[in-house]
Amino acid sequence: MEEKNILAENGISYQEAGAVSRRRRKAAQNVTYILLSGWALIVLFPFYWMVLTSVKSYGAYNSEYIPRFYTLSPTLQNYVEAFTAVPLGRYMLNTLIFTLVTTLIMLVVITLAAFAFARLTFRGKNIVFVIFLSMMMIPNELVVITNFMTVTNLDMRNSFAGLILPSVMSVFYIYLLKENFEQIPDSLYYAAKVDGTSDLRYLLRVMIPISKPTLITITILKMIECWNSYVWPRLITDDADYFLVSNGIQEIRENGFGRENIPAMMAAVVVISVPLIVLFLVFRRKIMEGVSRGGMKG
């Protein structure tokens with residue numbers, strides 16, 4: 001009522017004020033959409049350029065003194081060369097094995113650890129958890145040498161065991177899952193204990209189903225992390241039988257079709273990137289849902 005009186009005193013009707021407010025909101029939305037669209041073009045342009053280059057012939061690419069943003073004669077020959085110059089299919093199979101096994105083992109490890117920190121009571125639990133969290137402050141590059149010496153002394157270089165074992169634990173994922181477990185009411189746990197349910201059965205029957213969105217998110221993020229691994233696979237393997245796609249890219253440049261064949265290189269990168277892009281597009285809602293659930297408290 002007071003608002004209407006103020007508008008009347010200034011000679012502005014309530015309907016006119018509402019129309020002005022709607023126009024302002026519409027203009028703000030349009031500006032936001034324009035900025036987001038411009039940013040999306042900037043982000044997506046490298047992917048477009050990668051795909052465009054991959055379908056250009058070697059001669060057409062080298063004849064372009066000024067790069068063109070289109071091609072009138074696309075070709076798939078570069079994709080054929082990507083699989084024939086080096087065993088790219090075997091590299092992708094090795095990466096798939098490494099990714100699936102590492103993710104599976106990590107899920108078992110972090111689920112048991114998160115359950116212990118969230119539900120079990122033992123002496124020094126808080127101190128141990130603080131020590132775990134402090135490990136997040138240590139860059140991974142600082143422990144590479146230690147891991148390398150350990151794996152070498154155990155004679156696990158050039159093996160899937162050497163590739164997998166240093167990657168099966170993540171403090172961040174333990175923390176994320178622990179926070180999610182703690183959102184489950186304690187009354188469910190006490191009721192299960194009264195019924196004689198063991199801790200392991202309670203974890204499998206109650207906590208894991210409730211925390212499925214977070215577990216799916218962790219699984220997807222870990223798979224992306226494993227697929228993109230570069231430093232550790234390059235360091236621990238020099239046998240082509242155990243090369244991952246990260247090794248494969250370097251092998252393509254050195255012993256495949258050479259560094260100057262950029263279109264064939266881009267074709268190999270497209271092939272390697274497609275599984276991750278598809279994975280993210282299919283499960284993007286699960287990722288956002290799991291992250292938001294893990295960040296909520298109460």
# chains A, B, ... in the order shown; residues from 1 in each chain; ligands from 1
call {"tool": "closest_atom_pairs", "arguments": {"of": "range 162-190 of chain A", "to": "range 233-236 of chain A", "cutoff": "10 Å", "atoms": "only C-alpha atoms", "output": "JSON lines"}}
result
{"residue": "A:Gly162", "atom": "CA", "partner": "A:Ile236", "partner_atom": "CA", "distance": 7.3}
{"residue": "A:Leu163", "atom": "CA", "partner": "A:Pro233", "partner_atom": "CA", "distance": 6.5}
{"residue": "A:Ile164", "atom": "CA", "partner": "A:Pro233", "partner_atom": "CA", "distance": 9.6}
call {"tool": "residues_around", "arguments": {"residues": "Phe243 in chain A", "least_positions_apart": "4", "cutoff": "12 Å", "atoms": "only C-alpha atoms", "output": "count of residues only"}}
result
34
call {"tool": "residues_around", "arguments": {"residues": "Thr99 in chain A", "least_positions_apart": "5", "cutoff": "7 Å", "atoms": "only C-alpha atoms", "output": "list in words"}}
result
Met223, Cys226 and Trp227 of chain A
call {"tool": "write_last_selection", "arguments": {"atoms": "N, CA and C atoms", "output": "short mmCIF file (atom, residue, chain, number, x, y, z; two decimals), in the first residue's frame"}}
result
data_model
loop_
_atom_site.label_atom_id
_atom_site.label_comp_id
_atom_site.auth_asym_id
_atom_site.auth_seq_id
_atom_site.Cartn_x
_atom_site.Cartn_y
_atom_site.Cartn_z
N MET A 223 37.18 -41.59 -13.09
CA MET A 223 37.40 -42.13 -14.43
C MET A 223 38.01 -41.07 -15.35
N CYS A 226 41.67 -40.65 -14.29
CA CYS A 226 42.52 -41.75 -14.76
C CYS A 226 42.76 -41.66 -16.26
N TRP A 227 41.71 -41.35 -17.00
CA TRP A 227 41.85 -41.28 -18.46
C TRP A 227 42.83 -40.18 -18.86
#
call {"tool": "residues_around", "arguments": {"residues": "Val143 in chain A", "least_positions_apart": "6", "cutoff": "12 Å", "atoms": "only C-alpha atoms", "output": "ChimeraX atom specification"}}
result
/A:135-137,149-150,166-167,231-232
call {"tool": "write_last_selection", "arguments": {"atoms": "all heavy atoms", "output": "PDB file, in the first residue's frame"}}
result
ATOM      1  N   MET A 135      47.066 -33.941   4.267  1.00  0.00           N
ATOM      2  CA  MET A 135      47.708 -34.492   3.071  1.00  0.00           C
ATOM      3  C   MET A 135      47.189 -33.831   1.800  1.00  0.00           C
ATOM      4  O   MET A 135      47.853 -33.864   0.757  1.00  0.00           O
ATOM      5  CB  MET A 135      47.477 -35.999   3.007  1.00  0.00           C
ATOM      6  CG  MET A 135      48.170 -36.775   4.107  1.00  0.00           C
ATOM      7  SD  MET A 135      47.721 -38.539   4.103  1.00  0.00           S
ATOM      8  CE  MET A 135      48.285 -39.031   2.467  1.00  0.00           C
ATOM      9  N   MET A 136      46.002 -33.225   1.877  1.00  0.00           N
ATOM     10  CA  MET A 136      45.471 -32.521   0.709  1.00  0.00           C
ATOM     11  C   MET A 136      46.294 -31.285   0.391  1.00  0.00           C
ATOM     12  O   MET A 136      46.244 -30.774  -0.740  1.00  0.00           O
ATOM     13  CB  MET A 136      44.009 -32.130   0.946  1.00  0.00           C
ATOM     14  CG  MET A 136      43.053 -33.302   1.076  1.00  0.00           C
ATOM     15  SD  MET A 136      41.356 -32.787   1.456  1.00  0.00           S
ATOM     16  CE  MET A 136      40.978 -31.802   0.005  1.00  0.00           C
ATOM     17  N   MET A 137      47.048 -30.791   1.362  1.00  0.00           N
ATOM     18  CA  MET A 137      47.874 -29.607   1.145  1.00  0.00           C
ATOM     19  C   MET A 137      49.175 -29.940   0.434  1.00  0.00           C
ATOM     20  O   MET A 137      49.900 -29.033   0.013  1.00  0.00           O
ATOM     21  CB  MET A 137      48.193 -28.939   2.491  1.00  0.00           C
ATOM     22  CG  MET A 137      46.968 -28.542   3.314  1.00  0.00           C
ATOM     23  SD  MET A 137      45.932 -27.314   2.500  1.00  0.00           S
ATOM     24  CE  MET A 137      44.552 -28.320   1.964  1.00  0.00           C
ATOM     25  N   MET A 149      60.202 -44.603  -6.460  1.00  0.00           N
ATOM     26  CA  MET A 149      61.197 -45.451  -5.801  1.00  0.00           C
ATOM     27  C   MET A 149      60.533 -46.690  -5.206  1.00  0.00           C
ATOM     28  O   MET A 149      61.084 -47.798  -5.286  1.00  0.00           O
ATOM     29  CB  MET A 149      61.922 -44.659  -4.713  1.00  0.00           C
ATOM     30  CG  MET A 149      62.761 -43.501  -5.240  1.00  0.00           C
ATOM     31  SD  MET A 149      64.047 -44.038  -6.394  1.00  0.00           S
ATOM     32  CE  MET A 149      65.016 -45.119  -5.330  1.00  0.00           C
ATOM     33  N   THR A 150      59.360 -46.520  -4.616  1.00  0.00           N
ATOM     34  CA  THR A 150      58.656 -47.662  -4.022  1.00  0.00           C
ATOM     35  C   THR A 150      58.274 -48.690  -5.083  1.00  0.00           C
ATOM     36  O   THR A 150      58.513 -49.893  -4.928  1.00  0.00           O
ATOM     37  CB  THR A 150      57.402 -47.184  -3.276  1.00  0.00           C
ATOM     38  OG1 THR A 150      57.765 -46.233  -2.278  1.00  0.00           O
ATOM     39  CG2 THR A 150      56.689 -48.352  -2.624  1.00  0.00           C
ATOM     40  N   PRO A 166      49.385 -46.652  -6.884  1.00  0.00           N
ATOM     41  CA  PRO A 166      49.502 -45.299  -6.331  1.00  0.00           C
ATOM     42  C   PRO A 166      48.274 -44.419  -6.540  1.00  0.00           C
ATOM     43  O   PRO A 166      48.223 -43.306  -6.021  1.00  0.00           O
ATOM     44  CB  PRO A 166      50.717 -44.710  -7.089  1.00  0.00           C
ATOM     45  CG  PRO A 166      51.461 -45.882  -7.604  1.00  0.00           C
ATOM     46  CD  PRO A 166      50.410 -46.898  -7.923  1.00  0.00           C
ATOM     47  N   SER A 167      47.287 -44.906  -7.283  1.00  0.00           N
ATOM     48  CA  SER A 167      46.136 -44.070  -7.619  1.00  0.00           C
ATOM     49  C   SER A 167      44.836 -44.523  -6.972  1.00  0.00           C
ATOM     50  O   SER A 167      43.768 -44.012  -7.321  1.00  0.00           O
ATOM     51  CB  SER A 167      45.943 -44.062  -9.150  1.00  0.00           C
ATOM     52  OG  SER A 167      47.119 -43.658  -9.813  1.00  0.00           O
ATOM     53  N   VAL A 231      51.535 -37.713 -16.036  1.00  0.00           N
ATOM     54  CA  VAL A 231      52.866 -37.726 -15.427  1.00  0.00           C
ATOM     55  C   VAL A 231      53.250 -39.129 -14.971  1.00  0.00           C
ATOM     56  O   VAL A 231      54.323 -39.643 -15.331  1.00  0.00           O
ATOM     57  CB  VAL A 231      52.930 -36.736 -14.245  1.00  0.00           C
ATOM     58  CG1 VAL A 231      54.283 -36.850 -13.529  1.00  0.00           C
ATOM     59  CG2 VAL A 231      52.718 -35.311 -14.732  1.00  0.00           C
ATOM     60  N   TRP A 232      52.373 -39.779 -14.182  1.00  0.00           N
ATOM     61  CA  TRP A 232      52.728 -41.081 -13.630  1.00  0.00           C
ATOM     62  C   TRP A 232      52.871 -42.160 -14.706  1.00  0.00           C
ATOM     63  O   TRP A 232      53.860 -42.895 -14.703  1.00  0.00           O
ATOM     64  CB  TRP A 232      51.705 -41.492 -12.578  1.00  0.00           C
ATOM     65  CG  TRP A 232      52.021 -42.811 -11.926  1.00  0.00           C
ATOM     66  CD1 TRP A 232      51.330 -43.973 -12.044  1.00  0.00           C
ATOM     67  CD2 TRP A 232      53.118 -43.093 -11.062  1.00  0.00           C
ATOM     68  NE1 TRP A 232      51.923 -44.959 -11.313  1.00  0.00           N
ATOM     69  CE2 TRP A 232      53.023 -44.453 -10.696  1.00  0.00           C
ATOM     70  CE3 TRP A 232      54.168 -42.336 -10.557  1.00  0.00           C
ATOM     71  CZ2 TRP A 232      53.941 -45.069  -9.854  1.00  0.00           C
ATOM     72  CZ3 TRP A 232      55.094 -42.941  -9.723  1.00  0.00           C
ATOM     73  CH2 TRP A 232      54.967 -44.296  -9.381  1.00  0.00           C
TER      74      TRP A 232
END
call {"tool": "select_by_dssp", "arguments": {"residues": "range 107-218 of chain A", "states": "alpha helix (DSSP H)", "output": "PyMOL selection string"}}
result
chain A and resi 107-119+125-134+140-153+160-164+171-181+186-194+199-202+208-210+212-218
call {"tool": "write_last_selection", "arguments": {"atoms": "C-alpha atoms", "output": "compact mmCIF listing (two decimals), in the first residue's frame"}}
result
# COMPACT_ATOMS: atom_id res chain seq x y z
CA LEU A 107 35.63 -46.95 -4.49
CA VAL A 108 36.12 -49.86 -2.08
CA VAL A 109 38.93 -48.07 -0.23
CA ILE A 110 37.26 -44.68 0.15
CA THR A 111 33.85 -46.17 1.04
CA LEU A 112 35.31 -48.16 3.93
CA ALA A 113 37.45 -45.21 5.06
CA ALA A 114 34.55 -42.73 4.88
CA PHE A 115 32.31 -45.13 6.82
CA ALA A 116 34.95 -45.53 9.53
CA PHE A 117 35.34 -41.76 9.94
CA ALA A 118 31.60 -41.07 9.75
CA ARG A 119 30.09 -43.85 11.91
CA LYS A 125 39.77 -40.74 15.05
CA ASN A 126 39.74 -36.95 14.86
CA ILE A 127 43.52 -36.74 14.90
CA VAL A 128 43.83 -39.28 12.12
CA PHE A 129 41.22 -37.45 10.05
CA VAL A 130 43.05 -34.13 10.51
CA ILE A 131 46.26 -35.82 9.33
CA PHE A 132 44.37 -37.13 6.30
CA LEU A 133 43.08 -33.66 5.50
CA SER A 134 46.56 -32.17 5.86
CA ASN A 140 51.00 -34.70 -5.91
CA GLU A 141 54.27 -33.81 -7.63
CA LEU A 142 56.08 -33.98 -4.26
CA VAL A 143 55.20 -37.66 -3.73
CA VAL A 144 55.95 -38.80 -7.28
CA ILE A 145 59.60 -39.54 -6.49
CA THR A 146 58.65 -41.54 -3.39
CA ASN A 147 56.07 -43.53 -5.32
CA PHE A 148 58.53 -44.09 -8.15
CA MET A 149 61.20 -45.45 -5.80
CA THR A 150 58.66 -47.66 -4.02
CA VAL A 151 57.25 -49.13 -7.24
CA THR A 152 60.75 -49.63 -8.64
CA ASN A 153 61.97 -51.41 -5.50
CA PHE A 160 49.35 -52.59 -14.42
CA ALA A 161 49.99 -53.03 -10.69
CA GLY A 162 52.59 -50.27 -10.79
CA LEU A 163 50.20 -48.02 -12.69
CA ILE A 164 47.20 -48.69 -10.47
CA VAL A 171 41.75 -37.93 0.56
CA PHE A 172 39.36 -35.52 -1.14
CA TYR A 173 36.92 -38.26 -2.14
CA ILE A 174 37.07 -39.74 1.38
CA TYR A 175 36.20 -36.32 2.79
CA LEU A 176 33.39 -35.81 0.27
CA LEU A 177 31.85 -39.21 0.98
CA LYS A 178 32.28 -38.85 4.75
CA GLU A 179 30.33 -35.59 4.69
CA ASN A 180 27.59 -37.34 2.74
CA PHE A 181 27.47 -40.30 5.13
CA ASP A 186 21.95 -41.58 13.42
CA SER A 187 18.57 -43.10 14.29
CA LEU A 188 18.83 -45.39 11.25
CA TYR A 189 22.18 -46.68 12.45
CA TYR A 190 20.99 -47.29 16.03
CA ALA A 191 17.82 -48.99 14.80
CA ALA A 192 19.91 -51.27 12.57
CA LYS A 193 22.19 -52.17 15.46
CA VAL A 194 19.18 -53.01 17.65
CA ASP A 199 28.30 -52.50 10.33
CA LEU A 200 29.21 -53.90 6.93
CA ARG A 201 25.63 -54.89 6.16
CA TYR A 202 24.37 -51.47 7.29
CA ILE A 208 25.53 -46.82 -0.06
CA PRO A 209 22.01 -46.71 -1.62
CA ILE A 210 21.29 -43.35 0.05
CA LYS A 212 24.42 -43.27 -4.64
CA PRO A 213 24.46 -39.81 -6.32
CA THR A 214 27.71 -38.90 -4.58
CA LEU A 215 29.25 -42.29 -5.39
CA ILE A 216 28.28 -41.90 -9.05
CA THR A 217 29.88 -38.45 -9.10
CA ILE A 218 33.08 -39.75 -7.54
call {"tool": "atom_distance", "arguments": {"atom1": "CA of Ser37 in chain A", "atom2": "CA of Val274 in chain A"}}
result
23.0 Å
call {"tool": "atom_distance", "arguments": {"atom1": "CA of Val278 in chain A", "atom2": "CA of Phe47 in chain A"}}
result
13.7 Å
call {"tool": "residues_around", "arguments": {"residues": "Ile262 in chain A", "least_positions_apart": "2", "cutoff": "9 Å", "atoms": "only C-alpha atoms", "output": "ChimeraX atom specification"}}
result
/A:53-54,58,61,258-260,264-267
call {"tool": "write_last_selection", "arguments": {"atoms": "all heavy atoms", "output": "tab-separated table (two decimals), in the first residue's frame"}}
result
chain	number	residue	atom	x	y	z
A	53	THR	N	40.49	-29.27	-37.75
A	53	THR	CA	41.82	-29.62	-38.23
A	53	THR	C	41.93	-31.10	-38.53
A	53	THR	O	42.63	-31.52	-39.45
A	53	THR	CB	42.88	-29.21	-37.19
A	53	THR	OG1	42.73	-27.82	-36.88
A	53	THR	CG2	44.29	-29.47	-37.70
A	54	SER	N	41.23	-31.93	-37.74
A	54	SER	CA	41.33	-33.38	-37.92
A	54	SER	C	40.73	-33.86	-39.23
A	54	SER	O	41.05	-34.96	-39.69
A	54	SER	CB	40.66	-34.09	-36.74
A	54	SER	OG	39.25	-33.93	-36.79
A	58	TYR	N	46.43	-33.34	-45.10
A	58	TYR	CA	47.75	-32.81	-44.76
A	58	TYR	C	48.16	-31.70	-45.72
A	58	TYR	O	48.67	-30.66	-45.30
A	58	TYR	CB	48.78	-33.95	-44.80
A	58	TYR	CG	50.19	-33.52	-44.53
A	58	TYR	CD1	50.58	-33.15	-43.25
A	58	TYR	CD2	51.15	-33.49	-45.55
A	58	TYR	CE1	51.89	-32.76	-42.99
A	58	TYR	CE2	52.44	-33.11	-45.30
A	58	TYR	CZ	52.82	-32.74	-44.02
A	58	TYR	OH	54.11	-32.34	-43.78
A	61	TYR	N	46.02	-28.49	-45.16
A	61	TYR	CA	46.40	-27.78	-43.93
A	61	TYR	C	47.68	-26.98	-44.14
A	61	TYR	O	47.78	-25.83	-43.70
A	61	TYR	CB	46.57	-28.79	-42.80
A	61	TYR	CG	47.02	-28.18	-41.50
A	61	TYR	CD1	46.11	-27.57	-40.64
A	61	TYR	CD2	48.37	-28.20	-41.12
A	61	TYR	CE1	46.52	-26.99	-39.45
A	61	TYR	CE2	48.78	-27.63	-39.93
A	61	TYR	CZ	47.86	-27.02	-39.11
A	61	TYR	OH	48.28	-26.44	-37.93
A	258	GLY	N	54.93	-38.32	-37.27
A	258	GLY	CA	55.79	-37.15	-37.14
A	258	GLY	C	55.08	-35.94	-36.56
A	258	GLY	O	53.86	-35.84	-36.53
A	259	ARG	N	55.89	-34.99	-36.10
A	259	ARG	CA	55.35	-33.81	-35.45
A	259	ARG	C	54.71	-32.84	-36.44
A	259	ARG	O	53.91	-31.99	-36.05
A	259	ARG	CB	56.46	-33.08	-34.69
A	259	ARG	CG	57.10	-33.92	-33.59
A	259	ARG	CD	58.04	-33.10	-32.75
A	259	ARG	NE	58.63	-33.89	-31.66
A	259	ARG	CZ	59.34	-33.38	-30.67
A	259	ARG	NH1	59.58	-32.08	-30.65
A	259	ARG	NH2	59.83	-34.15	-29.72
A	260	GLU	N	55.10	-32.93	-37.71
A	260	GLU	CA	54.59	-31.95	-38.66
A	260	GLU	C	53.19	-32.29	-39.16
A	260	GLU	O	52.50	-31.44	-39.72
A	260	GLU	CB	55.55	-31.84	-39.85
A	260	GLU	CG	55.57	-33.05	-40.80
A	260	GLU	CD	56.41	-34.20	-40.25
A	260	GLU	OE1	57.03	-34.02	-39.20
A	260	GLU	OE2	56.43	-35.27	-40.89
A	264	ALA	N	46.65	-35.29	-38.53
A	264	ALA	CA	46.58	-36.65	-38.00
A	264	ALA	C	46.69	-36.64	-36.48
A	264	ALA	O	46.04	-37.43	-35.79
A	264	ALA	CB	47.68	-37.51	-38.62
A	265	MET	N	47.52	-35.74	-35.95
A	265	MET	CA	47.63	-35.63	-34.50
A	265	MET	C	46.31	-35.18	-33.88
A	265	MET	O	45.87	-35.71	-32.84
A	265	MET	CB	48.74	-34.63	-34.14
A	265	MET	CG	48.90	-34.36	-32.65
A	265	MET	SD	49.45	-35.80	-31.75
A	265	MET	CE	51.12	-35.92	-32.36
A	266	MET	N	45.66	-34.23	-34.51
A	266	MET	CA	44.36	-33.77	-34.01
A	266	MET	C	43.31	-34.87	-34.08
A	266	MET	O	42.44	-34.98	-33.22
A	266	MET	CB	43.89	-32.55	-34.79
A	266	MET	CG	44.68	-31.28	-34.52
A	266	MET	SD	44.60	-30.71	-32.82
A	266	MET	CE	46.18	-31.30	-32.19
A	267	ALA	N	43.39	-35.71	-35.12
A	267	ALA	CA	42.45	-36.83	-35.22
A	267	ALA	C	42.64	-37.79	-34.05
A	267	ALA	O	41.66	-38.28	-33.47
A	267	ALA	CB	42.66	-37.56	-36.55
call {"tool": "residues_around", "arguments": {"residues": "Leu72 in chain A", "least_positions_apart": "6", "cutoff": "12 Å", "atoms": "only C-alpha atoms", "output": "PyMOL selection string"}}
result
chain A and resi 52+55-57+60
